[in-house]
Amino acid sequence: MEVLKEKVEEEEAAEREAEAEKGEKMVREVRKEETTMTPEMLRELEKKLSDIEITVPEKPLVITKDTIDIFKLPWSYRSNTPKEEHLLQVADNFSRQYSHLCPDRVPLFLYPLNECEVPKFVSTTIRPTLMPYPELYNWDSCAQFVADFLAMEPLSDPLKPTVQEKEVAPPKKYAVKPPRDLTSRFEQEQEMKKQEEVKAEEEKRLREEEERLQEAENANIDPLHGLRVHSWVLVLSGKREVPESFFIDPFTARSYSTQDNHFLGIESLWNHKNYWVNMQDCWNCCKDLVFDLGDPVRWEYMLLGTDKPHLSMTEEEEDGLNDDEDVLNEDEDVENLGKEEDDKSFDMPHSWVEQIEISPEAFETRCPNGKKVIQYKRAKLEKWAPYLNSNGLMCRLSTYEDLECTKILEIKEWYKNREDMLELKHINKVTGLNIDYFKPGHPQALRVHSYMSMQPERDRIMEFYETARVDGLIKREETTKTMTEYYQGRPDFLSYRHVIFGPRVKKFTMNSAESNPRPMVKITERFFRNPAKPADEDVEERVFLILEERIQLRYHCREDHITASKREFLRRTEVDSKGNKIIMTPEMCISFEVEPMEHTKKLLYQYETMIQLKNEEKLSRHQVWESELEVLEILKLLEEEEEAHRLKISIYDTKRNEKSKEYRETMERVMHEEHMRQVEAQLDYLAPFLAQLPPGEKLTRWQAMHLKDECLSDFKQRLIDKANLIQARFEKETQELQKKQQWYQENQVTLTAEDEDLYLSYCSQAMFRIRILEQRLNRHKELAPLKYLALEEKLYKDPRLVELLKVFA
């Protein structure tokens, strides 16, 4: 039976291959015959095609199903135009023919349902839009912008898109109050023991599961390899100086070559103009694919439109085509006599989606709500929009030890727009090591700061931008007992300084480098070669043994020597038998010279050298003390910056820049006041009085005089009322201040410090209001006569009264 079954399966496979070859042969024959079909054959073919009934499928492919109010969407989202319906019919016919000719391939992704559950052709979902942001003109920044907006949601079935139903929370209901808990404590303890045992078993199971997953991961076996559904972007070469075609992953914004092994094959391509099906074999992934969309043998197009790409040809083929053009043109008129000109092409309908509009705020926010979290295997990436976090945090990458992401190994945080120029913070949770990276511009020219604790005199490493420092310091390493500094580009050729500290003398005050500095035991300094000095006189290493009162020198070695000269000075003060102080003796200088010289043996030379070394020792100790103070200053500055974390705001960012905002508000207020003055100047001061006269009646001289007097009288009364109002407010404030002062004199003895502060604050504010009212009153008294005269002059010059008031002017 098994042999018979195998024979049957082999026969069925052979029949399928024969049918497939027959279908491909028929397609090739039809394509060959298309160029030689007569008008009668075309009419018969058109009649047969018209008899075929084409229906739109009832259940097209669905991607997602979100809770969206479809009635707020445009009409194009909720319905199809006749042209779109025709396109769906064409797509369905194309899909059925494809399934018939290629039964072993997966169905084409042609017309999924949109958010309104309306089938839409995939090409019509694309609407090219030119945005006003230069960052979107290049593919890399544009891809990164899109990747920040997208959120990866794995499909329930990785083999095909499916509907994702959202769970609805059950409605809350009223419940009866539970009875009192009468269980015994012993039973609770026993239950807790059982739960602990279950928990231990669960932890053991999780460990075993993690080990199994680790083994499976090491085995690198993927049961769904090559079967998952995925879409990505293809950028074809040619336009905008693109040298070769490449892929873009929309979720990560990374680019890949078409030769990359991650891309196993392509089913179809589409843009806003057409849809192409890949007819090439993908046995070698995408490495051997030819992306010439004008080649109908390799890429089967769906729509025969005017925008179909042309077949790429070599120069020899183009020359042969040009030679045959004359022969074709001679027979063109004869062949077209019996043909009917019918345009069989079908252009893509306009996109049904609205034009993309991205506001500057949304473009800057990028991620939805300004934050995005991407979960990876044993890692989590968090992104934030600029200025969303008060400390300038833009991105955080956390790596974990376990698959459940509960045990953190390290954290990397990227910052932006910080005044302290902090760019990256690397935190190792296992070792406790923190590394901060700064951009150029820090007040202390700090570049990298590695530390375990922010307390002074602990293990730390500071690296600096040497070009921004006067002393040429590159790096400073500090421990509890030592300090090492590295220099470059100094005029004294100093390259290295190593300091060993002794135990600090205990004092009642707090120990610090400023109040109680650490005693220095040994200072070692190294120097670069100074070409202006001979090698025997150019010091390479200098050691100050402070407690032993010794100074050791080692000079640079000559190019033709293998040893270097050395000297050691004993600088301790001794006295002779008579009690006199001995300043310098030959025993106080021990020398080893490769080539001894006469002047170096003289006691005066040795004495001058020792005096110079003593001064340099004082200078070195002072520089070490300054270095300790600088470390304290840097640590204090870093702590203050970490607490304040002030951000830099561009002068062009008018929404966040407070100074620019205040200036803009001040200018707007000044313009508003100027506008109000202009409006007030344009008001018709005679309108209330002219309204009392009959409309259309011509003014008489007596009426003109009456209008002038009424207007001046009313204006005078308003000036008096305003003066009385200011005077009343002034007197009220003065009386209230006197009452408060009298109350203070009566209760001065029983008042608390808080009451006195409130009283002084009230007096200060009251005096300020009184001075303002007094100034306004004096100013009003000065300007009132001038305003009255100005109004009288306007009335005499008013075009409606000027002729009638000439006699009285």
# chains A, B, ... in the order shown; residues from 1 in each chain; ligands from 1

$ select_by_dssp --residues "range 585-637 of chain A" --states "alpha helix (DSSP H)" --output "ChimeraX atom specification"
/A:598-601,603-637

$ residues_around --residues "Leu725 in chain A" --least-positions-apart "6" --cutoff "10 Å" --atoms "only C-alpha atoms" --output "list in words"
Leu719, Glu731 and Leu777 of chain A

$ residues_around --residues "Phe121 in chain A" --least-positions-apart "4" --cutoff "10 Å" --atoms "only C-alpha atoms" --output "mmCIF file with N, CA and C atoms, in the first residue's frame"
data_model
loop_
_atom_site.group_PDB
_atom_site.id
_atom_site.type_symbol
_atom_site.label_atom_id
_atom_site.label_comp_id
_atom_site.auth_asym_id
_atom_site.auth_seq_id
_atom_site.Cartn_x
_atom_site.Cartn_y
_atom_site.Cartn_z
ATOM 1 N N GLU A 84 -12.995 53.079 -8.840
ATOM 2 C CA GLU A 84 -12.395 52.185 -7.858
ATOM 3 C C GLU A 84 -13.061 50.811 -7.884
ATOM 4 N N GLU A 85 -14.393 50.781 -8.072
ATOM 5 C CA GLU A 85 -15.084 49.495 -8.196
ATOM 6 C C GLU A 85 -14.587 48.728 -9.421
ATOM 7 N N LEU A 87 -11.653 49.037 -10.708
ATOM 8 C CA LEU A 87 -10.301 48.590 -10.379
ATOM 9 C C LEU A 87 -10.336 47.331 -9.519
ATOM 10 N N LEU A 88 -11.267 47.255 -8.560
ATOM 11 C CA LEU A 88 -11.390 46.054 -7.739
ATOM 12 C C LEU A 88 -11.759 44.837 -8.582
ATOM 13 N N ALA A 91 -8.659 43.818 -10.333
ATOM 14 C CA ALA A 91 -7.748 43.165 -9.394
ATOM 15 C C ALA A 91 -8.210 41.750 -9.067
ATOM 16 N N PHE A 109 -1.560 40.103 -2.193
ATOM 17 C CA PHE A 109 -2.047 41.138 -1.275
ATOM 18 C C PHE A 109 -2.507 42.322 -2.132
ATOM 19 N N LEU A 110 -3.801 42.346 -2.478
ATOM 20 C CA LEU A 110 -4.293 43.300 -3.471
ATOM 21 C C LEU A 110 -5.247 44.338 -2.902
ATOM 22 N N TYR A 111 -6.285 43.920 -2.182
ATOM 23 C CA TYR A 111 -7.317 44.868 -1.749
ATOM 24 C C TYR A 111 -7.781 44.534 -0.337
ATOM 25 N N PRO A 112 -7.006 44.885 0.669
ATOM 26 C CA PRO A 112 -7.444 44.679 2.055
ATOM 27 C C PRO A 112 -8.512 45.690 2.442
ATOM 28 N N LEU A 113 -9.159 45.442 3.569
ATOM 29 C CA LEU A 113 -10.153 46.370 4.094
ATOM 30 C C LEU A 113 -9.452 47.509 4.823
ATOM 31 N N ASN A 114 -10.003 48.704 4.664
ATOM 32 C CA ASN A 114 -9.458 49.843 5.404
ATOM 33 C C ASN A 114 -10.150 49.945 6.760
ATOM 34 N N THR A 125 -3.761 53.451 -1.636
ATOM 35 C CA THR A 125 -3.501 53.907 -0.265
ATOM 36 C C THR A 125 -2.273 54.789 -0.180
ATOM 37 N N ILE A 126 -1.524 54.914 -1.259
ATOM 38 C CA ILE A 126 -0.296 55.721 -1.278
ATOM 39 C C ILE A 126 -0.598 57.049 -1.959
ATOM 40 N N TYR A 275 1.023 47.798 -9.962
ATOM 41 C CA TYR A 275 1.245 46.634 -9.116
ATOM 42 C C TYR A 275 1.967 45.580 -9.954
ATOM 43 N N MET A 348 -4.504 54.247 -12.956
ATOM 44 C CA MET A 348 -4.783 54.106 -11.529
ATOM 45 C C MET A 348 -5.656 55.265 -11.057
ATOM 46 N N PRO A 349 -6.749 54.995 -10.309
ATOM 47 C CA PRO A 349 -7.557 56.096 -9.752
ATOM 48 C C PRO A 349 -6.747 56.913 -8.761
ATOM 49 N N SER A 351 -5.719 58.625 -5.266
ATOM 50 C CA SER A 351 -5.698 58.057 -3.925
ATOM 51 C C SER A 351 -6.898 58.535 -3.114
ATOM 52 N N TRP A 352 -7.458 57.629 -2.333
ATOM 53 C CA TRP A 352 -8.625 57.945 -1.517
ATOM 54 C C TRP A 352 -8.261 58.526 -0.154
#

$ closest_residue --among "A:Lys797, A:Arg366, A:His706, A:Arg776" --to "Val146 in chain A" --atoms "only C-alpha atoms"
A:Arg366

$ residues_around --residues "Ser591 in chain A" --least-positions-apart "3" --cutoff "9 Å" --atoms "only C-alpha atoms" --output "PyMOL selection string"
chain A and resi 565-569+601

$ residues_around --residues "range 380-397 of chain A" --least-positions-apart "2" --cutoff "8 Å" --atoms "only C-alpha atoms" --output "list of chain:residue names"
A:Glu364, A:Thr365, A:Arg366, A:Cys367, A:Gly370, A:Lys371, A:Lys372, A:Val373, A:Ile374, A:Gln375, A:Tyr376, A:Lys377, A:Arg378, A:Thr399, A:Ile411, A:Lys412, A:Glu413, A:Trp414, A:Tyr415, A:Lys416, A:Asn417, A:Arg418, A:His645, A:Arg646, A:Leu647

$ write_last_selection --atoms "N, CA and C atoms" --output "mmCIF file, in the first residue's frame"
data_model
loop_
_atom_site.group_PDB
_atom_site.id
_atom_site.type_symbol
_atom_site.label_atom_id
_atom_site.label_comp_id
_atom_site.auth_asym_id
_atom_site.auth_seq_id
_atom_site.Cartn_x
_atom_site.Cartn_y
_atom_site.Cartn_z
ATOM 1 N N GLU A 364 8.156 67.587 15.619
ATOM 2 C CA GLU A 364 9.148 67.568 16.688
ATOM 3 C C GLU A 364 8.855 66.467 17.697
ATOM 4 N N THR A 365 7.559 66.197 17.929
ATOM 5 C CA THR A 365 7.181 65.143 18.877
ATOM 6 C C THR A 365 7.548 63.765 18.348
ATOM 7 N N ARG A 366 7.378 63.546 17.036
ATOM 8 C CA ARG A 366 7.729 62.302 16.357
ATOM 9 C C ARG A 366 6.925 61.127 16.909
ATOM 10 N N CYS A 367 7.293 60.606 18.061
ATOM 11 C CA CYS A 367 6.620 59.431 18.597
ATOM 12 C C CYS A 367 5.215 59.794 19.064
ATOM 13 N N GLY A 370 4.744 61.616 22.250
ATOM 14 C CA GLY A 370 6.101 62.000 22.603
ATOM 15 C C GLY A 370 6.951 60.902 23.190
ATOM 16 N N LYS A 371 6.435 59.662 23.301
ATOM 17 C CA LYS A 371 7.204 58.570 23.890
ATOM 18 C C LYS A 371 6.941 57.292 23.113
ATOM 19 N N LYS A 372 7.989 56.480 22.982
ATOM 20 C CA LYS A 372 7.868 55.197 22.296
ATOM 21 C C LYS A 372 8.756 54.182 22.997
ATOM 22 N N VAL A 373 8.204 52.990 23.198
ATOM 23 C CA VAL A 373 8.922 51.903 23.859
ATOM 24 C C VAL A 373 8.991 50.723 22.887
ATOM 25 N N ILE A 374 10.191 50.245 22.638
ATOM 26 C CA ILE A 374 10.416 49.094 21.757
ATOM 27 C C ILE A 374 11.035 47.979 22.590
ATOM 28 N N GLN A 375 10.370 46.843 22.641
ATOM 29 C CA GLN A 375 10.840 45.720 23.432
ATOM 30 C C GLN A 375 11.609 44.750 22.543
ATOM 31 N N TYR A 376 12.854 44.502 22.901
ATOM 32 C CA TYR A 376 13.683 43.544 22.195
ATOM 33 C C TYR A 376 13.943 42.339 23.107
ATOM 34 N N LYS A 377 14.652 41.386 22.569
ATOM 35 C CA LYS A 377 15.035 40.227 23.348
ATOM 36 C C LYS A 377 16.152 40.628 24.310
ATOM 37 N N ARG A 378 15.827 40.565 25.607
ATOM 38 C CA ARG A 378 16.736 40.970 26.680
ATOM 39 C C ARG A 378 17.139 42.437 26.570
ATOM 40 N N THR A 399 19.496 46.853 28.951
ATOM 41 C CA THR A 399 19.764 45.449 28.635
ATOM 42 C C THR A 399 19.586 44.624 29.905
ATOM 43 N N ILE A 411 22.478 50.266 31.558
ATOM 44 C CA ILE A 411 21.556 51.276 31.031
ATOM 45 C C ILE A 411 22.387 52.316 30.300
ATOM 46 N N LYS A 412 21.931 52.668 29.114
ATOM 47 C CA LYS A 412 22.539 53.761 28.355
ATOM 48 C C LYS A 412 21.472 54.815 28.107
ATOM 49 N N GLU A 413 21.786 56.056 28.455
ATOM 50 C CA GLU A 413 20.844 57.168 28.310
ATOM 51 C C GLU A 413 21.493 58.259 27.465
ATOM 52 N N TRP A 414 20.769 58.702 26.442
ATOM 53 C CA TRP A 414 21.225 59.766 25.560
ATOM 54 C C TRP A 414 20.447 61.042 25.878
ATOM 55 N N TYR A 415 21.183 62.148 25.987
ATOM 56 C CA TYR A 415 20.586 63.439 26.336
ATOM 57 C C TYR A 415 20.823 64.440 25.201
ATOM 58 N N LYS A 416 20.026 65.500 25.241
ATOM 59 C CA LYS A 416 20.143 66.540 24.214
ATOM 60 C C LYS A 416 19.696 67.866 24.816
ATOM 61 N N ASN A 417 20.313 68.955 24.327
ATOM 62 C CA ASN A 417 19.965 70.333 24.719
ATOM 63 C C ASN A 417 20.288 70.609 26.186
ATOM 64 N N ARG A 418 21.270 69.923 26.754
ATOM 65 C CA ARG A 418 21.656 70.173 28.143
ATOM 66 C C ARG A 418 22.674 71.307 28.198
ATOM 67 N N HIS A 645 19.427 70.451 36.057
ATOM 68 C CA HIS A 645 19.328 69.997 34.665
ATOM 69 C C HIS A 645 18.627 71.034 33.767
ATOM 70 N N ARG A 646 19.266 72.182 33.678
ATOM 71 C CA ARG A 646 18.757 73.237 32.800
ATOM 72 C C ARG A 646 19.021 72.877 31.336
ATOM 73 N N LEU A 647 18.085 73.243 30.502
ATOM 74 C CA LEU A 647 18.170 72.927 29.082
ATOM 75 C C LEU A 647 18.416 74.192 28.284
#

$ residues_around --residues "Ser141 in chain A" --least-positions-apart "6" --cutoff "12 Å" --atoms "only C-alpha atoms" --output "PDB file with N, CA, C and O atoms, in the first residue's frame"
ATOM      1  N   TYR A 133       9.620  70.056   5.405  1.00  0.00           N
ATOM      2  CA  TYR A 133      10.716  69.810   6.337  1.00  0.00           C
ATOM      3  C   TYR A 133      11.898  69.236   5.568  1.00  0.00           C
ATOM      4  O   TYR A 133      11.787  68.164   4.955  1.00  0.00           O
ATOM      5  N   PRO A 134      13.046  69.894   5.590  1.00  0.00           N
ATOM      6  CA  PRO A 134      14.213  69.380   4.841  1.00  0.00           C
ATOM      7  C   PRO A 134      14.671  68.013   5.333  1.00  0.00           C
ATOM      8  O   PRO A 134      15.295  67.270   4.578  1.00  0.00           O
ATOM      9  N   GLU A 135      14.380  67.662   6.605  1.00  0.00           N
ATOM     10  CA  GLU A 135      14.810  66.359   7.116  1.00  0.00           C
ATOM     11  C   GLU A 135      14.139  65.208   6.380  1.00  0.00           C
ATOM     12  O   GLU A 135      14.657  64.083   6.390  1.00  0.00           O
ATOM     13  N   ALA A 147       9.917  55.466  11.223  1.00  0.00           N
ATOM     14  CA  ALA A 147      10.123  54.390  12.192  1.00  0.00           C
ATOM     15  C   ALA A 147       9.759  54.822  13.606  1.00  0.00           C
ATOM     16  O   ALA A 147       9.263  54.024  14.402  1.00  0.00           O
ATOM     17  N   ASP A 148      10.001  56.099  13.931  1.00  0.00           N
ATOM     18  CA  ASP A 148       9.628  56.594  15.254  1.00  0.00           C
ATOM     19  C   ASP A 148       8.116  56.630  15.432  1.00  0.00           C
ATOM     20  O   ASP A 148       7.606  56.445  16.545  1.00  0.00           O
ATOM     21  N   ILE A 248      14.721  49.106   2.649  1.00  0.00           N
ATOM     22  CA  ILE A 248      14.606  49.856   3.899  1.00  0.00           C
ATOM     23  C   ILE A 248      13.582  49.149   4.773  1.00  0.00           C
ATOM     24  O   ILE A 248      12.459  48.898   4.340  1.00  0.00           O
ATOM     25  N   PRO A 250      10.971  49.466   7.484  1.00  0.00           N
ATOM     26  CA  PRO A 250      10.241  50.625   8.015  1.00  0.00           C
ATOM     27  C   PRO A 250      10.191  50.676   9.533  1.00  0.00           C
ATOM     28  O   PRO A 250       9.924  51.736  10.095  1.00  0.00           O
ATOM     29  N   THR A 252      12.776  49.778  11.665  1.00  0.00           N
ATOM     30  CA  THR A 252      14.071  50.127  12.241  1.00  0.00           C
ATOM     31  C   THR A 252      14.789  51.229  11.490  1.00  0.00           C
ATOM     32  O   THR A 252      15.796  51.739  11.983  1.00  0.00           O
ATOM     33  N   ALA A 253      14.304  51.610  10.295  1.00  0.00           N
ATOM     34  CA  ALA A 253      14.922  52.660   9.464  1.00  0.00           C
ATOM     35  C   ALA A 253      16.309  52.267   8.984  1.00  0.00           C
ATOM     36  O   ALA A 253      17.071  53.119   8.548  1.00  0.00           O
ATOM     37  N   ARG A 254      16.637  50.974   9.038  1.00  0.00           N
ATOM     38  CA  ARG A 254      17.941  50.516   8.564  1.00  0.00           C
ATOM     39  C   ARG A 254      17.848  50.131   7.088  1.00  0.00           C
ATOM     40  O   ARG A 254      16.803  49.665   6.615  1.00  0.00           O
ATOM     41  N   SER A 255      18.934  50.343   6.378  1.00  0.00           N
ATOM     42  CA  SER A 255      18.995  49.993   4.963  1.00  0.00           C
ATOM     43  C   SER A 255      19.755  48.686   4.795  1.00  0.00           C
ATOM     44  O   SER A 255      20.685  48.393   5.550  1.00  0.00           O
ATOM     45  N   ARG A 366       7.378  63.546  17.036  1.00  0.00           N
ATOM     46  CA  ARG A 366       7.729  62.302  16.357  1.00  0.00           C
ATOM     47  C   ARG A 366       6.925  61.127  16.909  1.00  0.00           C
ATOM     48  O   ARG A 366       5.970  60.680  16.314  1.00  0.00           O
TER      49      ARG A 366
END

$ select_by_dssp --residues "range 455-664 of chain A" --states "strand (DSSP E or B)" --output "ChimeraX atom specification"
/A:460-464,473-478,482-487,494-501,520-527,539-545,550-555,566-570,574-575,581-582,589-592,647
